[in-house]
Amino acid sequence: MQQGKRVLIVAGEASGDLHGANLIKAVKQKEPRVEFYGVGGRRMEGAGASLWFNLEELSVVGLTEIITKSGAIVKALSRLKKSLKEAAPELIVLIDFPGFNLMLARSAKKKTIPVLYYISPQVWAWRRKRVNKIAKVVNKMAVILPFEVPIYREKGVDVEFVGHPLLDVIEKETIPREEVLKQLELNPTKKLISLLPGSRRDELIRLLPEMLGAGELLEAKYSDLQFALLAAPTLEKEEIQKLVAKSKLRVNIFSDHHYDLLRASELAVITSGTAALEAALLNTPMVVIYKVSLITYLVARMLIKVKYLSLANLLAGKTVVPELIQSEANSKRIAEEAEKILSGRETTGRMKLALNQIRETLGEPGAAARVASIVLKML
């Protein structure tokens with residue numbers, strides 16, 4: 001490249017921020033003069049992107065929750081559409097976040113700016129007809145799940161399976177459990193249970209109290225447990241501390257070392273999403289939970305076409321980890337499912353074997369480097 005190229009990149013969630021940051025680093029390693037601007041979080045900013053909007057302003061869960069952030073979403077979309085002319089990007093990279101990103105892609109199409117979509121919307125779960133819209137406005141799909149390829153190929157979309165980006169992040173090597181716990185001032189003689197309440201405020205408020213309540217029930221029954229709360233970088237620490245203060249559970253809050261803690265955990269209680277797949281790749285037994293507003297849930301029940309919510313179960317094609325949804329996602333049921341794992345060596349062994357097999361379906365490490373090559377080719 002004789003001169004720097006500009007790329008508009010948009011990630012609307014914490015997981016997208018992680019994968020976007022790794023992509024930016026991989027591109028800059030090959031071609032340092034490429035400039036990135038757009039929407040993301042602190043990881044993308046640290047990798048060198050100029051953030052026009054922070055993803056925390058735009059990230060939402062469900063239908064009712066979108067109302068509170070509609071103003072910020074409209075403002076960001078309008079500003080980024082204007083930037084297609086003003087900043088003149090030569091490529092747009094979209095990471096999941098379909099409601100927002102497909103509107104931006106439509107504007108890019110009108111201005112003949114090529115669009116690379118990295119990490120597909122979950123069209124296999126709901127809104128399958130979105131593939132038709134994607135086919136009209138996206139130049140290239142870089143998908144991270146093998147079963148997504150035929151979905152797009154059927155519609156004539158240029159699609160490539162690049163492997164799962166989490167394989168770049170989660171190394172197989174591990175520090176011994178005892179050493180990890182000592183370094184983090186936890187007790188190596190006690191079983192560790194990790195709580196992951198999601199990356200959005202709505203998830204935190206709905207689900208953390210239920211997780212803490214389950215922890216109280218387990219602590220009353222077992223004397224050899226300790227608890228770690230793994231806080232996503234998108235959450236406010238003060239809000240987490242307020243919710244924890246209302247509980248009797250003794251819990252340590254960690255904003256980093258998440259993979260080390262998950263590896264060292266006997267069990268994790270996880271809000272459905274990327275964190276549940278991370279735990280699966282780390283071979284950590286888990287209970288997956290999820291809860292949204294009643295209106296969102298009722299609409300989702302009509303639209304969602306898959307049997308499972310968590311990717312671990314979807315990839316396995318069977319129930320590998322328990323899923324507790326809506327009213328089932330309560331302290332009592334979480335504690336019951338956790339007990340089955342804590343007390344059943346055979347149950348845990350079967351779960352770990354199945355989780356290990358899931359990892360093998362996701363390709364080889366190197367997704368970020370493969371997508372970086374696609375970016376440079378498109379530029």
# chains A, B, ... in the order shown; residues from 1 in each chain; ligands from 1
$ residues_around --residues "segment 179-187 of chain A" --least-positions-apart "2" --cutoff "10 Å" --atoms "only C-alpha atoms" --output "PDB file with N, CA and C atoms, in the first residue's frame"
ATOM      1  N   THR A 174      -1.795 -24.180  30.584  1.00  0.00           N
ATOM      2  CA  THR A 174      -2.403 -23.603  31.770  1.00  0.00           C
ATOM      3  C   THR A 174      -1.448 -23.621  32.951  1.00  0.00           C
ATOM      4  N   ILE A 175      -1.535 -22.584  33.758  1.00  0.00           N
ATOM      5  CA  ILE A 175      -0.788 -22.545  35.014  1.00  0.00           C
ATOM      6  C   ILE A 175      -1.492 -23.518  35.963  1.00  0.00           C
ATOM      7  N   PRO A 176      -0.748 -24.260  36.783  1.00  0.00           N
ATOM      8  CA  PRO A 176      -1.389 -25.176  37.729  1.00  0.00           C
ATOM      9  C   PRO A 176      -2.437 -24.466  38.585  1.00  0.00           C
ATOM     10  N   ARG A 177      -3.547 -25.163  38.829  1.00  0.00           N
ATOM     11  CA  ARG A 177      -4.679 -24.592  39.553  1.00  0.00           C
ATOM     12  C   ARG A 177      -4.259 -23.973  40.882  1.00  0.00           C
ATOM     13  N   THR A 189      -7.383 -25.075  48.581  1.00  0.00           N
ATOM     14  CA  THR A 189      -7.981 -26.302  49.133  1.00  0.00           C
ATOM     15  C   THR A 189      -9.502 -26.314  48.978  1.00  0.00           C
ATOM     16  N   LYS A 190     -10.068 -25.206  48.543  1.00  0.00           N
ATOM     17  CA  LYS A 190     -11.530 -25.127  48.379  1.00  0.00           C
ATOM     18  C   LYS A 190     -11.924 -25.167  46.904  1.00  0.00           C
ATOM     19  N   LYS A 191     -13.102 -25.700  46.619  1.00  0.00           N
ATOM     20  CA  LYS A 191     -13.631 -25.710  45.257  1.00  0.00           C
ATOM     21  C   LYS A 191     -14.078 -24.298  44.869  1.00  0.00           C
ATOM     22  N   LEU A 192     -13.734 -23.921  43.644  1.00  0.00           N
ATOM     23  CA  LEU A 192     -14.086 -22.585  43.169  1.00  0.00           C
ATOM     24  C   LEU A 192     -15.319 -22.647  42.265  1.00  0.00           C
ATOM     25  N   ASP A 224     -16.820 -26.451  51.677  1.00  0.00           N
ATOM     26  CA  ASP A 224     -15.545 -26.341  50.966  1.00  0.00           C
ATOM     27  C   ASP A 224     -15.657 -25.541  49.663  1.00  0.00           C
ATOM     28  N   LEU A 225     -16.553 -24.547  49.633  1.00  0.00           N
ATOM     29  CA  LEU A 225     -16.752 -23.746  48.421  1.00  0.00           C
ATOM     30  C   LEU A 225     -16.245 -22.323  48.605  1.00  0.00           C
ATOM     31  N   GLN A 226     -15.819 -21.727  47.491  1.00  0.00           N
ATOM     32  CA  GLN A 226     -15.514 -20.294  47.441  1.00  0.00           C
ATOM     33  C   GLN A 226     -16.020 -19.773  46.102  1.00  0.00           C
ATOM     34  N   PHE A 227     -16.333 -18.478  46.044  1.00  0.00           N
ATOM     35  CA  PHE A 227     -17.004 -17.923  44.873  1.00  0.00           C
ATOM     36  C   PHE A 227     -16.225 -16.748  44.282  1.00  0.00           C
ATOM     37  N   ALA A 228     -16.179 -16.720  42.949  1.00  0.00           N
ATOM     38  CA  ALA A 228     -15.551 -15.610  42.223  1.00  0.00           C
ATOM     39  C   ALA A 228     -16.559 -15.043  41.235  1.00  0.00           C
ATOM     40  N   ASN A 252     -15.575 -12.978  45.741  1.00  0.00           N
ATOM     41  CA  ASN A 252     -14.467 -12.137  45.286  1.00  0.00           C
ATOM     42  C   ASN A 252     -14.761 -11.656  43.861  1.00  0.00           C
ATOM     43  N   PHE A 254     -13.584 -10.122  40.281  1.00  0.00           N
ATOM     44  CA  PHE A 254     -12.401 -10.028  39.428  1.00  0.00           C
ATOM     45  C   PHE A 254     -12.767  -9.373  38.099  1.00  0.00           C
ATOM     46  N   HIS A 257      -8.123 -11.872  34.581  1.00  0.00           N
ATOM     47  CA  HIS A 257      -7.750 -13.264  34.897  1.00  0.00           C
ATOM     48  C   HIS A 257      -8.929 -14.236  34.724  1.00  0.00           C
ATOM     49  N   ASP A 260      -8.013 -17.879  33.479  1.00  0.00           N
ATOM     50  CA  ASP A 260      -7.347 -18.637  34.536  1.00  0.00           C
ATOM     51  C   ASP A 260      -8.348 -19.089  35.592  1.00  0.00           C
ATOM     52  N   LEU A 261      -9.273 -18.209  35.941  1.00  0.00           N
ATOM     53  CA  LEU A 261     -10.271 -18.538  36.962  1.00  0.00           C
ATOM     54  C   LEU A 261     -11.248 -19.600  36.469  1.00  0.00           C
ATOM     55  N   ARG A 263     -10.627 -21.891  34.215  1.00  0.00           N
ATOM     56  CA  ARG A 263      -9.899 -23.159  34.194  1.00  0.00           C
ATOM     57  C   ARG A 263      -9.830 -23.782  35.590  1.00  0.00           C
ATOM     58  N   ALA A 264      -9.694 -22.930  36.589  1.00  0.00           N
ATOM     59  CA  ALA A 264      -9.525 -23.406  37.965  1.00  0.00           C
ATOM     60  C   ALA A 264     -10.849 -23.717  38.655  1.00  0.00           C
ATOM     61  N   SER A 265     -11.969 -23.452  37.960  1.00  0.00           N
ATOM     62  CA  SER A 265     -13.291 -23.595  38.577  1.00  0.00           C
ATOM     63  C   SER A 265     -13.813 -25.028  38.513  1.00  0.00           C
TER      64      SER A 265
END
$ residues_around --residues "segment 166-168 of chain A" --least-positions-apart "3" --cutoff "7 Å" --atoms "only C-alpha atoms" --output "ChimeraX atom specification"
/A:365-367
$ closest_residue --among "A:Ser272, A:Glu178, A:Val123, A:Arg206" --to "Ser293 of chain A" --atoms "only C-alpha atoms"
A:Arg206
$ select_by_dssp --residues "segment 223-341 of chain A" --states "alpha helix (DSSP H)" --output "count of residues only"
51
$ closest_atom_pairs --of "segment 25-124 of chain A" --to "segment 9-19 of chain A" --cutoff "6 Å" --atoms "only C-alpha atoms" --output "JSON lines"
{"residue": "A:Gly38", "atom": "CA", "partner": "A:Ile9", "partner_atom": "CA", "distance": 5.1}
{"residue": "A:Val39", "atom": "CA", "partner": "A:Val10", "partner_atom": "CA", "distance": 4.6}
{"residue": "A:Gly40", "atom": "CA", "partner": "A:Ala11", "partner_atom": "CA", "distance": 5.1}
{"residue": "A:Gly41", "atom": "CA", "partner": "A:Asp17", "partner_atom": "CA", "distance": 5.5}
{"residue": "A:Met44", "atom": "CA", "partner": "A:Asp17", "partner_atom": "CA", "distance": 5.8}
{"residue": "A:Leu55", "atom": "CA", "partner": "A:Gly12", "partner_atom": "CA", "distance": 4.9}
{"residue": "A:Ser59", "atom": "CA", "partner": "A:Gly12", "partner_atom": "CA", "distance": 5.7}
{"residue": "A:Ile92", "atom": "CA", "partner": "A:Ile9", "partner_atom": "CA", "distance": 5.8}
{"residue": "A:Val93", "atom": "CA", "partner": "A:Ile9", "partner_atom": "CA", "distance": 4.7}
{"residue": "A:Leu94", "atom": "CA", "partner": "A:Val10", "partner_atom": "CA", "distance": 5.2}
{"residue": "A:Ile95", "atom": "CA", "partner": "A:Ala11", "partner_atom": "CA", "distance": 5.1}
{"residue": "A:Phe97", "atom": "CA", "partner": "A:Gly12", "partner_atom": "CA", "distance": 5.5}
$ closest_residue --among "A:Met351, A:Tyr152, A:Ile113, A:Leu8" --to "Leu80 of chain A" --atoms "only C-alpha atoms"
A:Leu8
$ residues_around --residues "segment 157-164 of chain A" --least-positions-apart "4" --cutoff "8 Å" --atoms "only C-alpha atoms" --output "PyMOL selection string"
chain A and resi 135+139-146+149+152-153+168+362-367+370-371
$ atom_distance --atom1 "atom CA of Glu154 of chain A" --atom2 "atom CA of Val137 of chain A"
16.0 Å
$ atom_distance --atom1 "atom CA of Arg43 of chain A" --atom2 "atom CA of Ala21 of chain A"
5.6 Å
$ closest_residue --among "A:Leu294, A:Ala338, A:Val7, A:Ala279" --to "Ile358 of chain A" --atoms "only C-alpha atoms"
A:Ala279
$ residues_around --residues "segment 28-30 of chain A" --least-positions-apart "2" --cutoff "12 Å" --atoms "only C-alpha atoms" --output "ChimeraX atom specification"
/A:1,4-7,21-26,32-36,47-49,368-377
$ residues_around --residues "segment 325-335 of chain A" --least-positions-apart "3" --cutoff "12 Å" --atoms "only C-alpha atoms" --output "ChimeraX atom specification"
/A:193,195,197,203,206-222,267-272,286-298,300-301,308-310,322,338-343
$ write_last_selection --atoms "N, CA and C atoms" --output "compact mmCIF listing (two decimals), in the first residue's frame"
# COMPACT_ATOMS: atom_id res chain seq x y z
N ILE A 193 -16.29 -21.79 42.56
CA ILE A 193 -17.46 -21.61 41.68
C ILE A 193 -17.40 -20.19 41.13
N LEU A 195 -19.05 -17.06 38.90
CA LEU A 195 -20.33 -16.49 38.50
C LEU A 195 -20.07 -15.47 37.39
N PRO A 197 -22.24 -12.95 35.19
CA PRO A 197 -23.60 -12.41 34.99
C PRO A 197 -23.82 -11.67 33.68
N GLU A 203 -28.73 -7.64 31.95
CA GLU A 203 -28.44 -9.01 32.35
C GLU A 203 -27.97 -9.04 33.80
N ARG A 206 -30.92 -8.53 36.26
CA ARG A 206 -31.86 -9.65 36.30
C ARG A 206 -31.25 -10.93 36.89
N LEU A 207 -29.97 -11.17 36.59
CA LEU A 207 -29.42 -12.49 36.84
C LEU A 207 -28.44 -12.58 38.00
N LEU A 208 -27.70 -11.51 38.29
CA LEU A 208 -26.74 -11.61 39.39
C LEU A 208 -27.41 -11.93 40.73
N PRO A 209 -28.53 -11.30 41.09
CA PRO A 209 -29.17 -11.66 42.37
C PRO A 209 -29.54 -13.14 42.45
N GLU A 210 -29.97 -13.73 41.32
CA GLU A 210 -30.31 -15.16 41.32
C GLU A 210 -29.05 -16.02 41.51
N MET A 211 -27.95 -15.61 40.87
CA MET A 211 -26.68 -16.32 41.03
C MET A 211 -26.20 -16.27 42.48
N LEU A 212 -26.28 -15.07 43.07
CA LEU A 212 -25.84 -14.91 44.45
C LEU A 212 -26.72 -15.71 45.41
N GLY A 213 -28.03 -15.73 45.13
CA GLY A 213 -28.95 -16.52 45.94
C GLY A 213 -28.64 -18.00 45.87
N ALA A 214 -28.30 -18.47 44.66
CA ALA A 214 -27.91 -19.88 44.50
C ALA A 214 -26.64 -20.17 45.28
N GLY A 215 -25.72 -19.21 45.24
CA GLY A 215 -24.47 -19.36 45.99
C GLY A 215 -24.71 -19.50 47.48
N GLU A 216 -25.65 -18.71 47.99
CA GLU A 216 -26.00 -18.80 49.43
C GLU A 216 -26.52 -20.20 49.76
N LEU A 217 -27.37 -20.74 48.91
CA LEU A 217 -27.92 -22.09 49.14
C LEU A 217 -26.82 -23.14 49.11
N LEU A 218 -25.90 -23.00 48.18
CA LEU A 218 -24.81 -23.98 48.08
C LEU A 218 -23.84 -23.85 49.26
N GLU A 219 -23.56 -22.62 49.66
CA GLU A 219 -22.64 -22.38 50.77
C GLU A 219 -23.19 -22.95 52.08
N ALA A 220 -24.52 -22.93 52.21
CA ALA A 220 -25.14 -23.48 53.41
C ALA A 220 -25.02 -25.00 53.47
N LYS A 221 -24.85 -25.61 52.29
CA LYS A 221 -24.82 -27.07 52.22
C LYS A 221 -23.40 -27.63 52.16
N TYR A 222 -22.49 -26.89 51.55
CA TYR A 222 -21.11 -27.35 51.38
C TYR A 222 -20.16 -26.40 52.10
N LEU A 267 -16.93 -25.39 38.76
CA LEU A 267 -18.24 -25.14 38.15
C LEU A 267 -18.36 -23.66 37.87
N ALA A 268 -19.08 -23.31 36.79
CA ALA A 268 -19.39 -21.91 36.51
C ALA A 268 -20.89 -21.77 36.29
N VAL A 269 -21.46 -20.69 36.80
CA VAL A 269 -22.85 -20.33 36.52
C VAL A 269 -22.78 -19.12 35.59
N ILE A 270 -23.31 -19.29 34.37
CA ILE A 270 -23.01 -18.34 33.30
C ILE A 270 -24.27 -17.86 32.58
N THR A 271 -24.33 -16.56 32.35
CA THR A 271 -25.37 -16.00 31.49
C THR A 271 -25.07 -16.42 30.05
N SER A 272 -26.07 -16.94 29.36
CA SER A 272 -25.87 -17.46 28.00
C SER A 272 -25.25 -16.39 27.10
N MET A 286 -20.62 -26.34 33.63
CA MET A 286 -21.37 -25.09 33.83
C MET A 286 -22.88 -25.32 33.89
N VAL A 287 -23.55 -24.30 34.45
CA VAL A 287 -25.00 -24.16 34.36
C VAL A 287 -25.23 -22.86 33.61
N VAL A 288 -25.97 -22.92 32.50
CA VAL A 288 -26.24 -21.74 31.69
C VAL A 288 -27.62 -21.20 32.02
N ILE A 289 -27.72 -19.90 32.25
CA ILE A 289 -29.02 -19.30 32.59
C ILE A 289 -29.29 -18.09 31.70
N TYR A 290 -30.57 -17.74 31.57
CA TYR A 290 -30.91 -16.54 30.81
C TYR A 290 -32.31 -16.07 31.18
N LYS A 291 -32.46 -14.74 31.18
CA LYS A 291 -33.77 -14.15 31.49
C LYS A 291 -33.85 -12.78 30.83
N VAL A 292 -34.96 -12.52 30.14
CA VAL A 292 -35.21 -11.21 29.52
C VAL A 292 -36.58 -10.73 29.97
N SER A 293 -37.02 -9.58 29.46
CA SER A 293 -38.35 -9.09 29.82
C SER A 293 -39.40 -10.06 29.29
N LEU A 294 -40.58 -10.05 29.88
CA LEU A 294 -41.65 -10.97 29.48
C LEU A 294 -42.03 -10.79 28.01
N ILE A 295 -42.13 -9.53 27.57
CA ILE A 295 -42.51 -9.27 26.17
C ILE A 295 -41.46 -9.84 25.22
N THR A 296 -40.18 -9.58 25.53
CA THR A 296 -39.10 -10.11 24.69
C THR A 296 -39.15 -11.63 24.64
N TYR A 297 -39.38 -12.24 25.79
CA TYR A 297 -39.40 -13.70 25.87
C TYR A 297 -40.54 -14.29 25.03
N LEU A 298 -41.73 -13.70 25.14
CA LEU A 298 -42.88 -14.21 24.40
C LEU A 298 -42.67 -14.10 22.89
N ALA A 300 -39.69 -13.94 21.42
CA ALA A 300 -38.59 -14.85 21.08
C ALA A 300 -39.08 -16.29 20.94
N ARG A 301 -40.00 -16.70 21.80
CA ARG A 301 -40.52 -18.07 21.72
C ARG A 301 -41.18 -18.36 20.38
N TYR A 308 -31.92 -25.35 21.44
CA TYR A 308 -31.06 -24.95 22.56
C TYR A 308 -30.68 -23.48 22.47
N LEU A 309 -30.31 -22.92 23.62
CA LEU A 309 -29.88 -21.53 23.67
C LEU A 309 -28.36 -21.42 23.66
N SER A 310 -27.68 -22.29 24.39
CA SER A 310 -26.22 -22.19 24.50
C SER A 310 -25.54 -22.86 23.30
N PRO A 322 -26.76 -27.94 31.40
CA PRO A 322 -28.14 -27.55 31.69
C PRO A 322 -28.41 -26.09 31.34
N ALA A 338 -26.45 -27.06 40.00
CA ALA A 338 -25.06 -26.98 40.44
C ALA A 338 -24.70 -28.18 41.32
N GLU A 339 -25.62 -28.55 42.18
CA GLU A 339 -25.39 -29.70 43.08
C GLU A 339 -25.16 -30.99 42.30
N LYS A 340 -25.92 -31.16 41.22
CA LYS A 340 -25.74 -32.38 40.40
C LYS A 340 -24.31 -32.47 39.87
N ILE A 341 -23.76 -31.33 39.50
CA ILE A 341 -22.39 -31.31 38.98
C ILE A 341 -21.38 -31.50 40.11
N LEU A 342 -21.61 -30.80 41.22
CA LEU A 342 -20.66 -30.87 42.34
C LEU A 342 -20.61 -32.26 42.98
N SER A 343 -21.74 -32.94 42.98
CA SER A 343 -21.80 -34.22 43.69
C SER A 343 -21.71 -35.43 42.77
$ select_by_dssp --residues "segment 15-179 of chain A" --states "strand (DSSP E or B)" --output "number ranges by chain"
A: 35-40, 50-54, 91-95, 115-118, 140-143, 159-161
$ write_last_selection --atoms "C-alpha atoms" --output "mmCIF file, in the first residue's frame"
data_model
loop_
_atom_site.group_PDB
_atom_site.id
_atom_site.type_symbol
_atom_site.label_atom_id
_atom_site.label_comp_id
_atom_site.auth_asym_id
_atom_site.auth_seq_id
_atom_site.Cartn_x
_atom_site.Cartn_y
_atom_site.Cartn_z
ATOM 1 C CA GLU A 35 -6.517 3.207 10.033
ATOM 2 C CA PHE A 36 -9.631 2.073 11.910
ATOM 3 C CA TYR A 37 -12.493 4.173 13.278
ATOM 4 C CA GLY A 38 -16.053 3.427 14.421
ATOM 5 C CA VAL A 39 -17.820 1.733 17.328
ATOM 6 C CA GLY A 40 -16.213 -0.514 19.928
ATOM 7 C CA SER A 50 -10.447 5.711 16.896
ATOM 8 C CA LEU A 51 -13.783 5.300 18.680
ATOM 9 C CA TRP A 52 -16.525 7.638 17.572
ATOM 10 C CA PHE A 53 -19.014 5.836 19.830
ATOM 11 C CA ASN A 54 -18.520 3.425 22.721
ATOM 12 C CA LEU A 91 -13.912 -0.857 3.605
ATOM 13 C CA ILE A 92 -16.500 -1.504 6.316
ATOM 14 C CA VAL A 93 -16.027 -4.357 8.788
ATOM 15 C CA LEU A 94 -19.165 -5.318 10.703
ATOM 16 C CA ILE A 95 -19.050 -7.612 13.736
ATOM 17 C CA VAL A 115 -18.627 -4.615 3.330
ATOM 18 C CA LEU A 116 -17.021 -7.511 5.185
ATOM 19 C CA TYR A 117 -19.268 -9.107 7.812
ATOM 20 C CA TYR A 118 -17.198 -10.905 10.452
ATOM 21 C CA LYS A 140 -18.110 -11.104 2.012
ATOM 22 C CA MET A 141 -19.110 -13.170 5.061
ATOM 23 C CA ALA A 142 -16.374 -14.477 7.376
ATOM 24 C CA VAL A 143 -18.210 -17.000 9.573
ATOM 25 C CA VAL A 159 -18.704 -16.941 2.470
ATOM 26 C CA GLU A 160 -15.624 -18.354 4.199
ATOM 27 C CA PHE A 161 -15.296 -20.354 7.428
#
$ closest_residue --among "A:Gly71, A:Gly317, A:Pro98, A:Gly344" --to "Glu57 of chain A" --atoms "only C-alpha atoms"
A:Gly71
$ atom_distance --atom1 "atom CA of Leu277 of chain A" --atom2 "atom CA of Lys155 of chain A"
28.0 Å
$ closest_residue --among "A:Val169, A:Leu243, A:Thr361, A:Lys248" --to "Ile205 of chain A" --atoms "only C-alpha atoms"
A:Leu243
$ closest_residue --among "A:Ala231, A:Ala108, A:Leu58, A:Ala76" --to "Val138 of chain A" --atoms "only C-alpha atoms"
A:Ala108
